[in-house]
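Participant: If it helps, the file is called data_17.txt and holds compact mmCIF, C-alpha atoms and all ligand atoms:
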```txt
# COMPACT_ATOMS: atom_id res chain seq x y z
CA MET A 130 -1.14 8.69 2.14
CA VAL A 131 -2.35 6.05 4.52
CA ILE A 132 -0.73 6.03 7.97
CA ALA A 133 -1.28 2.91 10.08
CA ALA A 134 0.12 1.41 13.27
CA HIS A 135 0.59 -2.18 12.07
CA PRO A 136 0.93 -4.17 8.89
CA ASP A 137 -2.66 -5.22 8.00
CA ASP A 138 -4.38 -2.17 9.57
CA ALA A 139 -4.57 -0.36 6.25
CA ASP A 140 -6.03 -3.45 4.60
CA PHE A 141 -8.68 -3.99 7.26
CA GLY A 142 -9.20 -0.23 7.03
CA PRO A 143 -9.52 1.85 3.86
CA ALA A 144 -7.83 -0.50 1.34
CA ALA A 145 -10.73 -0.52 -1.09
CA THR A 146 -11.07 3.27 -0.92
CA ALA A 147 -7.34 3.65 -1.53
CA ALA A 148 -7.55 1.22 -4.45
CA ARG A 149 -10.45 3.14 -5.95
CA TRP A 150 -8.73 6.52 -5.66
CA ILE A 151 -5.54 5.04 -7.10
CA ASP A 152 -7.60 3.67 -10.01
CA ASP A 153 -8.97 7.19 -10.44
CA GLY A 154 -5.45 8.57 -10.83
CA ALA A 155 -4.18 9.29 -7.32
CA GLN A 156 -0.77 8.26 -6.10
CA GLY A 157 -0.90 6.24 -2.90
CA TRP A 158 1.75 5.67 -0.28
CA LEU A 159 1.47 3.57 2.86
CA VAL A 160 3.30 4.29 6.11
CA CYS A 161 3.39 1.59 8.82
CA CYS A 162 4.57 2.94 12.17
CA THR A 163 5.51 -0.55 13.42
CA SER A 164 6.28 -3.86 11.77
CA GLY A 165 3.78 -5.73 13.92
CA ASP A 166 6.47 -7.68 15.75
CA GLN A 167 4.13 -8.52 18.65
CA GLY A 168 1.46 -9.89 16.32
CA GLY A 169 1.62 -13.52 17.41
CA GLU A 170 0.66 -15.75 20.29
CA ASP A 171 3.90 -17.68 20.77
CA PRO A 172 6.28 -16.10 23.33
CA ASP A 173 9.16 -18.10 21.80
CA LEU A 174 8.65 -16.49 18.41
CA ASP A 175 11.50 -14.19 17.36
CA PRO A 176 9.94 -10.73 17.10
CA VAL A 177 12.51 -9.60 14.56
CA GLU A 178 11.70 -12.54 12.30
CA LEU A 179 7.98 -11.98 12.76
CA GLY A 180 8.41 -8.31 11.88
CA ALA A 181 10.25 -9.28 8.71
CA VAL A 182 7.47 -11.71 7.72
CA ARG A 183 4.85 -9.08 8.33
CA GLU A 184 6.71 -6.47 6.30
CA ARG A 185 6.82 -8.91 3.38
CA GLU A 186 3.09 -9.59 3.77
CA GLN A 187 2.33 -5.87 3.87
CA ARG A 188 4.43 -5.16 0.79
CA ALA A 189 2.56 -7.88 -1.09
CA ALA A 190 -0.79 -6.49 0.06
CA ALA A 191 0.26 -2.94 -0.85
CA ALA A 192 1.13 -4.06 -4.37
CA ILE A 193 -2.38 -5.53 -4.71
CA VAL A 194 -4.00 -2.28 -3.55
CA GLY A 195 -1.72 -0.32 -5.88
CA TYR A 196 0.32 1.87 -3.55
CA ALA A 197 3.47 3.26 -5.09
CA GLY A 198 5.38 2.12 -2.02
CA VAL A 199 5.48 1.43 1.70
CA THR A 200 7.56 2.99 4.48
CA PHE A 201 8.14 1.09 7.72
CA LEU A 202 9.12 3.33 10.61
CA HIS A 203 10.03 0.39 12.88
CA GLY A 204 8.32 1.82 15.94
CA PRO A 205 7.74 -0.54 18.87
CA ASP A 206 4.68 -2.75 18.38
CA GLY A 207 2.52 -2.62 21.50
CA ALA A 208 4.35 0.43 22.81
CA LEU A 209 3.82 3.04 20.12
CA ALA A 210 3.68 6.57 21.52
CA ASN A 211 2.60 9.81 19.91
CA ASP A 212 5.90 11.41 20.78
CA LEU A 213 8.02 13.98 18.98
CA ALA A 214 10.20 11.29 17.41
CA LEU A 215 7.21 9.64 15.72
CA ARG A 216 5.81 13.03 14.71
CA GLU A 217 9.10 13.97 13.08
CA HIS A 218 9.18 10.68 11.17
CA LEU A 219 5.65 11.29 9.90
CA VAL A 220 6.38 14.91 8.98
CA ARG A 221 9.31 13.61 6.93
CA GLU A 222 7.03 11.17 5.13
CA ILE A 223 4.35 13.80 4.51
CA ARG A 224 6.83 16.37 3.25
CA THR A 225 8.50 13.79 1.03
CA PHE A 226 5.34 12.42 -0.63
CA ARG A 227 3.23 15.58 -0.27
CA PRO A 228 -0.24 14.05 -0.04
CA ASP A 229 -3.44 16.05 -0.46
CA ALA A 230 -5.13 13.74 2.01
CA VAL A 231 -3.98 11.61 4.90
CA LEU A 232 -5.96 8.53 5.91
CA ALA A 233 -5.38 7.34 9.47
CA THR A 234 -7.08 5.59 12.36
CA ASP A 235 -9.50 7.80 14.25
CA PRO A 236 -7.60 8.61 17.47
CA GLU A 237 -10.87 9.31 19.27
CA THR A 238 -11.98 5.70 19.00
CA LEU A 239 -11.33 4.13 22.40
CA PHE A 240 -14.24 1.67 22.45
CA TYR A 241 -16.30 0.27 19.60
CA PRO A 242 -20.07 0.59 19.81
CA GLY A 243 -20.52 -3.16 19.34
CA GLY A 244 -17.97 -3.90 22.08
CA GLY A 245 -14.21 -4.11 22.14
CA VAL A 246 -11.28 -1.80 22.83
CA ASN A 247 -9.32 -0.06 20.10
CA HIS A 248 -5.63 -1.03 20.35
CA ALA A 249 -3.48 1.64 22.00
CA ASP A 250 -1.13 1.64 18.98
CA HIS A 251 -4.06 2.50 16.70
CA ARG A 252 -4.94 5.47 18.87
CA ALA A 253 -1.30 6.59 19.10
CA ALA A 254 -0.70 6.26 15.35
CA GLY A 255 -3.92 8.12 14.59
CA LEU A 256 -3.07 10.98 16.89
CA ALA A 257 0.48 11.13 15.58
CA ALA A 258 -0.85 11.28 12.01
CA VAL A 259 -3.22 14.11 12.91
CA ASP A 260 -0.52 16.07 14.76
CA ALA A 261 1.98 15.57 11.96
CA SER A 262 -0.55 16.62 9.32
CA TYR A 263 -1.52 19.72 11.24
CA PRO A 264 0.26 21.90 12.04
CA ALA A 265 3.73 20.34 11.93
CA ALA A 266 3.95 19.39 8.24
CA ARG A 267 2.92 22.88 7.09
CA ASN A 268 5.03 24.79 9.58
CA PRO A 269 8.61 25.27 8.37
CA MET A 270 9.63 26.14 11.93
CA ALA A 271 8.51 22.74 13.20
CA PHE A 272 11.58 20.48 13.12
CA PRO A 273 13.42 23.33 11.32
CA TRP A 274 16.28 21.05 10.27
CA LEU A 275 13.86 19.35 7.89
CA ALA A 276 13.11 22.53 5.95
CA LYS A 277 16.78 23.53 6.06
CA GLY A 278 17.59 20.10 4.65
CA GLY A 279 15.25 20.61 1.70
CA LEU A 280 11.97 19.09 2.95
CA ASP A 281 9.72 22.06 2.36
CA ALA A 282 6.57 22.58 4.40
CA HIS A 283 3.49 20.93 2.95
CA ARG A 284 -0.21 21.51 3.55
CA VAL A 285 -2.31 18.39 4.01
CA ARG A 286 -5.83 19.51 3.15
CA ARG A 287 -7.96 16.65 4.34
CA LEU A 288 -7.93 13.89 6.92
CA TYR A 289 -9.98 10.75 6.39
CA LEU A 290 -10.14 8.82 9.63
CA PHE A 291 -10.98 5.12 9.57
CA TRP A 292 -12.40 2.83 12.28
CA SER A 293 -14.32 5.88 13.41
CA ASN A 294 -17.40 5.97 15.61
CA HIS A 295 -18.35 9.19 13.79
CA PRO A 296 -18.18 8.43 10.05
CA ASN A 297 -19.54 11.15 7.76
CA VAL A 298 -18.60 9.90 4.29
CA TRP A 299 -19.21 6.59 2.58
CA VAL A 300 -17.16 5.58 -0.44
CA ASP A 301 -18.57 3.17 -3.02
CA VAL A 302 -15.95 0.44 -3.28
CA GLU A 303 -17.86 -2.08 -5.32
CA SER A 304 -15.23 -1.93 -8.08
CA THR A 305 -12.24 -2.50 -5.78
CA PHE A 306 -13.60 -4.56 -2.91
CA GLU A 307 -12.09 -7.81 -4.19
CA ARG A 308 -8.64 -6.17 -4.10
CA LYS A 309 -9.18 -5.47 -0.41
CA VAL A 310 -10.07 -9.14 0.10
CA ASP A 311 -6.94 -10.24 -1.78
CA ALA A 312 -4.80 -7.75 0.16
CA LEU A 313 -6.12 -9.15 3.44
CA ARG A 314 -5.30 -12.69 2.30
CA ALA A 315 -1.68 -11.59 1.94
CA HIS A 316 -1.46 -11.27 5.75
CA ALA A 317 -1.29 -15.04 6.17
CA SER A 318 0.57 -14.91 9.50
CA GLN A 319 -2.39 -13.09 11.04
CA ILE A 320 -5.27 -15.13 9.71
CA ARG A 321 -6.45 -18.39 11.22
CA ASP A 322 -9.77 -19.00 9.49
CA VAL A 323 -9.62 -17.17 6.20
CA ASP A 324 -13.18 -18.04 5.12
CA ALA A 325 -14.75 -16.83 8.35
CA LEU A 326 -12.71 -13.62 8.17
CA MET A 327 -13.68 -12.89 4.59
CA GLU A 328 -17.32 -13.50 5.43
CA ARG A 329 -17.07 -10.89 8.19
CA VAL A 330 -15.28 -8.40 5.96
CA ARG A 331 -17.91 -8.85 3.24
CA ALA A 332 -20.71 -8.39 5.77
CA TRP A 333 -19.17 -5.13 7.05
CA ALA A 334 -18.78 -3.75 3.55
CA ALA A 335 -22.33 -4.73 2.62
CA GLU A 336 -23.67 -3.09 5.78
CA GLU A 337 -21.81 0.16 4.97
CA GLY A 338 -22.97 -0.12 1.36
CA GLU A 339 -26.61 -0.11 2.45
CA ARG A 340 -26.11 3.46 3.67
CA ILE A 341 -25.61 4.70 0.12
CA GLY A 342 -27.38 1.98 -1.83
CA VAL A 343 -24.37 0.13 -3.21
CA ALA A 344 -23.12 -3.42 -2.75
CA ALA A 345 -19.98 -2.46 -0.82
CA ALA A 346 -18.77 0.71 0.86
CA GLU A 347 -16.21 1.91 3.37
CA SER A 348 -17.01 4.62 5.90
CA LEU A 349 -14.63 7.38 6.91
CA ARG A 350 -14.66 10.46 9.08
CA LEU A 351 -13.68 13.40 6.90
CA VAL A 352 -11.98 16.34 8.58
CA VAL A 353 -11.38 19.24 6.20
CA ILE A 354 -8.31 21.25 7.18
CA ASP A 355 -8.17 23.50 4.11
CA ASP A 356 -11.20 23.66 1.91
CA ASP A 357 -10.48 23.71 -1.77
CA GLU A 358 -12.94 24.58 -4.51
CA ASP A 359 -11.41 22.19 -7.02
CA GLU A 360 -12.29 19.28 -4.77
CA GLY A 361 -16.00 20.04 -4.61
CA PRO A 362 -17.99 20.76 -1.49
CA ALA A 363 -16.86 19.42 1.85
CA VAL A 364 -19.82 17.29 2.70
CA HIS A 365 -20.73 16.77 6.31
CA ASP A 366 -24.20 15.36 5.82
CA ASP A 367 -25.01 12.11 7.48
CA VAL A 368 -24.74 10.35 4.15
CA SER A 369 -22.78 12.08 1.45
CA ALA A 370 -22.71 11.63 -2.26
CA VAL A 371 -19.82 9.51 -3.35
CA GLY A 372 -19.01 11.66 -6.35
CA THR A 373 -18.03 14.59 -4.19
CA ILE A 374 -15.72 12.46 -2.13
CA ASP A 375 -13.54 10.54 -4.47
CA ARG A 376 -12.38 13.69 -6.22
CA ALA A 377 -10.53 14.57 -3.05
CA SER A 378 -7.70 12.28 -3.92
CA THR A 379 -7.37 13.08 -7.56
CA GLY A 380 -5.93 16.56 -7.29
CA THR A 381 -3.00 17.17 -9.53
CA SER A 382 -0.41 17.60 -6.87
CA GLY A 383 -0.29 14.27 -5.34
CA ALA A 384 -0.95 11.40 -3.19
CA SER A 385 -3.52 10.13 -0.79
ZN ZN B 1 -3.44 -3.02 14.22
```
Would you give me this structure, written as structure tokens?
Ligand SMILES: [Zn+2]
Facilitator:
Amino acid sequence: MVIAAHPDDADFGPAATAARWIDDGAQGWLVCCTSGDQGGEDPDLDPVELGAVREREQRAAAAIVGYAGVTFLHGPDGALANDLALREHLVREIRTFRPDAVLATDPETLFYPGGGVNHADHRAAGLAAVDASYPAARNPMAFPWLAKGGLDAHRVRRLYLFWSNHPNVWVDVESTFERKVDALRAHASQIRDVDALMERVRAWAAEEGERIGVAAAESLRLVVIDDDEDEGPAVHDDVSAVGTIDRASTGTSGAS
């Protein structure tokens, strides 16, 4: 399960990793906390209409990646807060789709090493995803009406945080990188110069790929909550072998 603040975050983030794990047999589900209704530069634009456009773009992109579906939580773009309401929404999603792994923005990323500030919504969504994954989703006494209503507690075993300043796994995405590119193209309302953007995205993937000697890779920060022998060793080396990583999503019970 990928949890993101805005439509397009998941596609700039771990889309190629998600596509690869889905190809390997995982079920994927995408949760967008907002519909990106502030994602424009025209104050006269109708935010409701923009949100609807961006939901359509995200659904098209999600189909390219191969997710089984998308949930939009309709949180406020630009004002997302890691509050109990958002946590409850995310616990509902987690308990419904029961993922082994949750992929989310690294909430500890405030600044990027090359310059730039990480959007407050990305930090809030990341922290909300972490807090929902542990301990709330696994604790039947958290939001007890959920368990009483039939949404049983669920243990998320791994977090994979993207846009992290502390990546510790690199996933070979050579086979699915073009799907990420196509998914990004689906976000037409957000892209001004598509060629320049794709050049940047290719350069990032190539740079990450150099770390493990492949043409394209995505980096993630793995946090193991529950170790599990059937998923192979939890690797925390600076550069980890790809084969030990992609099994994480292919457990029998579910989604990533
Ligand atoms: Zn975003």
Participant: Out of A:Ile151, A:Val246, A:Ala265, A:Met130, which residue has the shortest atom-to-atom distance to Thr200 in chain A when counting only C-alpha atoms?
Facilitator: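 With only C-alpha atoms as the atom set, the closest residue is A:Met130.
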Participant: For Asp138 in chain A, which residue among A:Arg284, A:Arg267, A:Arg321, A:Lys309 is the nearest when counting all atoms listed in the file?
Facilitator: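 That would be A:Lys309, the residue with the smallest distance to Asp138 in chain A.
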Participant: Determine the nearest neighbour of Ala257 in chain A from the options A:Ile354, A:Val177, A:Ala190, A:Cys162, counting only C-alpha atoms.
Facilitator: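 Once distances to Ala257 in chain A are computed over only C-alpha atoms, the minimum belongs to A:Cys162.
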Participant: Residues within 6 Å of range 328-334 of chain A, please, as a PyMOL selection string. Count only C-alpha atoms; anything in the same chain fewer than 4 positions from it doesn't count.
Facilitator: chain A and resi 338+345-346
Participant: Counting all atoms listed in the file, figure out which residue out of A:Asn247, A:Thr238, A:Thr305, A:Thr146 gets nearest to ligand ZN 1 (chain B).
Facilitator: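 Counting all atoms listed in the file, the residue closest to ligand ZN 1 (chain B) is A:Asn247.
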Participant: Just the residues within 12 Å of Thr234 in chain A, please, counting only C-alpha atoms, with nothing from its chain fewer than 2 positions along; format it as a compact mmCIF listing (two decimals) with C-alpha atoms, keeping the file's coordinate frame.
Facilitator:
```txt
# COMPACT_ATOMS: atom_id res chain seq x y z
CA VAL A 131 -2.35 6.05 4.52
CA ILE A 132 -0.73 6.03 7.97
CA ALA A 133 -1.28 2.91 10.08
CA ALA A 134 0.12 1.41 13.27
CA HIS A 135 0.59 -2.18 12.07
CA ASP A 138 -4.38 -2.17 9.57
CA ALA A 139 -4.57 -0.36 6.25
CA ASP A 140 -6.03 -3.45 4.60
CA PHE A 141 -8.68 -3.99 7.26
CA GLY A 142 -9.20 -0.23 7.03
CA PRO A 143 -9.52 1.85 3.86
CA CYS A 161 3.39 1.59 8.82
CA CYS A 162 4.57 2.94 12.17
CA VAL A 231 -3.98 11.61 4.90
CA LEU A 232 -5.96 8.53 5.91
CA PRO A 236 -7.60 8.61 17.47
CA GLU A 237 -10.87 9.31 19.27
CA THR A 238 -11.98 5.70 19.00
CA LEU A 239 -11.33 4.13 22.40
CA ASN A 247 -9.32 -0.06 20.10
CA HIS A 248 -5.63 -1.03 20.35
CA ALA A 249 -3.48 1.64 22.00
CA ASP A 250 -1.13 1.64 18.98
CA HIS A 251 -4.06 2.50 16.70
CA ARG A 252 -4.94 5.47 18.87
CA ALA A 253 -1.30 6.59 19.10
CA ALA A 254 -0.70 6.26 15.35
CA GLY A 255 -3.92 8.12 14.59
CA LEU A 256 -3.07 10.98 16.89
CA ALA A 257 0.48 11.13 15.58
CA ALA A 258 -0.85 11.28 12.01
CA VAL A 259 -3.22 14.11 12.91
CA LEU A 288 -7.93 13.89 6.92
CA TYR A 289 -9.98 10.75 6.39
CA LEU A 290 -10.14 8.82 9.63
CA PHE A 291 -10.98 5.12 9.57
CA TRP A 292 -12.40 2.83 12.28
CA SER A 293 -14.32 5.88 13.41
CA ASN A 294 -17.40 5.97 15.61
CA HIS A 295 -18.35 9.19 13.79
CA PRO A 296 -18.18 8.43 10.05
CA SER A 348 -17.01 4.62 5.90
CA LEU A 349 -14.63 7.38 6.91
CA ARG A 350 -14.66 10.46 9.08
CA LEU A 351 -13.68 13.40 6.90
```
Participant: My list of candidates is A:Asp166, A:Arg188, A:His218, A:Ile193. Which is closest to Pro205 in chain A when distances are computed with only C-alpha atoms?
Facilitator: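 Ranked by minimum distance to Pro205 in chain A, first place goes to A:Asp166.
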Participant: Could you check the closest approach to ligand ZN 1 (chain B) for each of A:Ala282, A:Ala189, A:Ala155, A:Ala233 and tell me which residue wins, using only C-alpha atoms and all ligand atoms?
Facilitator: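 Closest to ligand ZN 1 (chain B), using only C-alpha atoms and all ligand atoms: A:Ala233.
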Participant: Using only C-alpha atoms, what residues lie at most 9 Å away from (-13.9, -2.4, -9.1) (file coordinates), given as a list in words?
Facilitator: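 Residues found, by chain and rising number: Ala145, Ala148, Arg149, Asp152, Val302, Glu303, Ser304, Thr305, Phe306, Glu307 and Arg308 of chain A.
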Participant: Any chance you could export the current selection's C-alpha atoms as a tab-separated table (two decimals), in the frame of the given file?
Facilitator:
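Result file follows (result-v4.tsv):
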```tsv
chain	number	residue	atom	x	y	z
A	145	ALA	CA	-10.73	-0.52	-1.09
A	148	ALA	CA	-7.55	1.22	-4.45
A	149	ARG	CA	-10.45	3.14	-5.95
A	152	ASP	CA	-7.60	3.67	-10.01
A	302	VAL	CA	-15.95	0.44	-3.28
A	303	GLU	CA	-17.86	-2.08	-5.32
A	304	SER	CA	-15.23	-1.93	-8.08
A	305	THR	CA	-12.24	-2.50	-5.78
A	306	PHE	CA	-13.60	-4.56	-2.91
A	307	GLU	CA	-12.09	-7.81	-4.19
A	308	ARG	CA	-8.64	-6.17	-4.10
```
Participant: Kindly provide, as JSON, the centre and edge lengths (Å, one decimal) of an axis-aligned box around all atoms of range 153-159 of chain A given in the file, with 5 Å on each side.
Facilitator:
```
{"center_x": -3.6, "center_y": 6.4, "center_z": -4.0, "size_x": 20.7, "size_y": 15.7, "size_z": 23.7}
```
Participant: One decimal, Å: what's the distance from CA of Pro176 in chain A over to CA of Tyr196 in chain A, could you say?
Facilitator: 26.0 Å
Participant: What is the distance, in Å and to one decimal place, between CA of Gly168 in chain A and CA of Asp137 in chain A?
Facilitator: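 According to the coordinates, CA of Gly168 in chain A and CA of Asp137 in chain A are separated by 10.4 Å.
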Participant: For the atom pair CA of Ala271 in chain A and CA of Val352 in chain A, what is the interatomic distance in Å to one decimal place?
Facilitator: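 Separating CA of Ala271 in chain A from CA of Val352 in chain A is a distance of 22.0 Å.
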Participant: Residues within 7 Å of Ser164 in chain A, please, as a PyMOL selection string. Count only C-alpha atoms; anything in the same chain fewer than 6 positions from it doesn't count.
Facilitator: chain A and resi 135-136+180+183-184+201+203+206
Participant: Could you extract range 291-306 of chain A of the given structure into a file holding N, CA and C atoms, as a JSON list (two decimals), in the first residue's frame?
Facilitator:
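Here's the written file part20.json:
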```json
[["chain", "number", "residue", "atom", "x", "y", "z"],
["A", 291, "PHE", "N", 9.84, 6.87, 1.14],
["A", 291, "PHE", "CA", 10.45, 7.46, -0.06],
["A", 291, "PHE", "C", 10.72, 8.95, 0.14],
["A", 292, "TRP", "N", 11.54, 9.51, -0.76],
["A", 292, "TRP", "CA", 12.05, 10.88, -0.64],
["A", 292, "TRP", "C", 12.77, 11.02, 0.70],
["A", 293, "SER", "N", 13.58, 10.01, 0.99],
["A", 293, "SER", "CA", 14.27, 9.98, 2.27],
["A", 293, "SER", "C", 15.70, 10.48, 2.12],
["A", 294, "ASN", "N", 16.18, 11.16, 3.14],
["A", 294, "ASN", "CA", 17.61, 11.53, 3.19],
["A", 294, "ASN", "C", 18.45, 10.40, 3.77],
["A", 295, "HIS", "N", 17.80, 9.30, 4.15],
["A", 295, "HIS", "CA", 18.52, 8.17, 4.74],
["A", 295, "HIS", "C", 18.12, 6.86, 4.06],
["A", 296, "PRO", "N", 18.24, 6.76, 2.75],
["A", 296, "PRO", "CA", 17.85, 5.51, 2.09],
["A", 296, "PRO", "C", 18.78, 4.38, 2.49],
["A", 297, "ASN", "N", 18.23, 3.17, 2.60],
["A", 297, "ASN", "CA", 19.07, 2.01, 2.91],
["A", 297, "ASN", "C", 18.75, 0.80, 2.03],
["A", 298, "VAL", "N", 17.84, 0.96, 1.09],
["A", 298, "VAL", "CA", 17.63, -0.10, 0.09],
["A", 298, "VAL", "C", 17.47, 0.55, -1.28],
["A", 299, "TRP", "N", 17.97, -0.17, -2.27],
["A", 299, "TRP", "CA", 17.82, 0.29, -3.65],
["A", 299, "TRP", "C", 17.14, -0.84, -4.44],
["A", 300, "VAL", "N", 16.11, -0.50, -5.15],
["A", 300, "VAL", "CA", 15.35, -1.50, -5.90],
["A", 300, "VAL", "C", 15.64, -1.32, -7.40],
["A", 301, "ASP", "N", 16.05, -2.41, -8.04],
["A", 301, "ASP", "CA", 16.29, -2.40, -9.48],
["A", 301, "ASP", "C", 14.95, -2.26, -10.20],
["A", 302, "VAL", "N", 14.77, -1.13, -10.90],
["A", 302, "VAL", "CA", 13.49, -0.90, -11.57],
["A", 302, "VAL", "C", 13.66, -0.77, -13.09],
["A", 303, "GLU", "N", 14.72, -1.38, -13.56],
["A", 303, "GLU", "CA", 14.98, -1.32, -15.00],
["A", 303, "GLU", "C", 13.75, -1.80, -15.80],
["A", 304, "SER", "N", 13.12, -2.88, -15.31],
["A", 304, "SER", "CA", 12.04, -3.51, -16.08],
["A", 304, "SER", "C", 10.75, -2.70, -16.04],
["A", 305, "THR", "N", 10.61, -1.79, -15.07],
["A", 305, "THR", "CA", 9.33, -1.08, -14.93],
["A", 305, "THR", "C", 9.47, 0.43, -15.02],
["A", 306, "PHE", "N", 10.69, 0.90, -15.28],
["A", 306, "PHE", "CA", 10.91, 2.35, -15.23],
["A", 306, "PHE", "C", 10.06, 3.10, -16.24]]
```
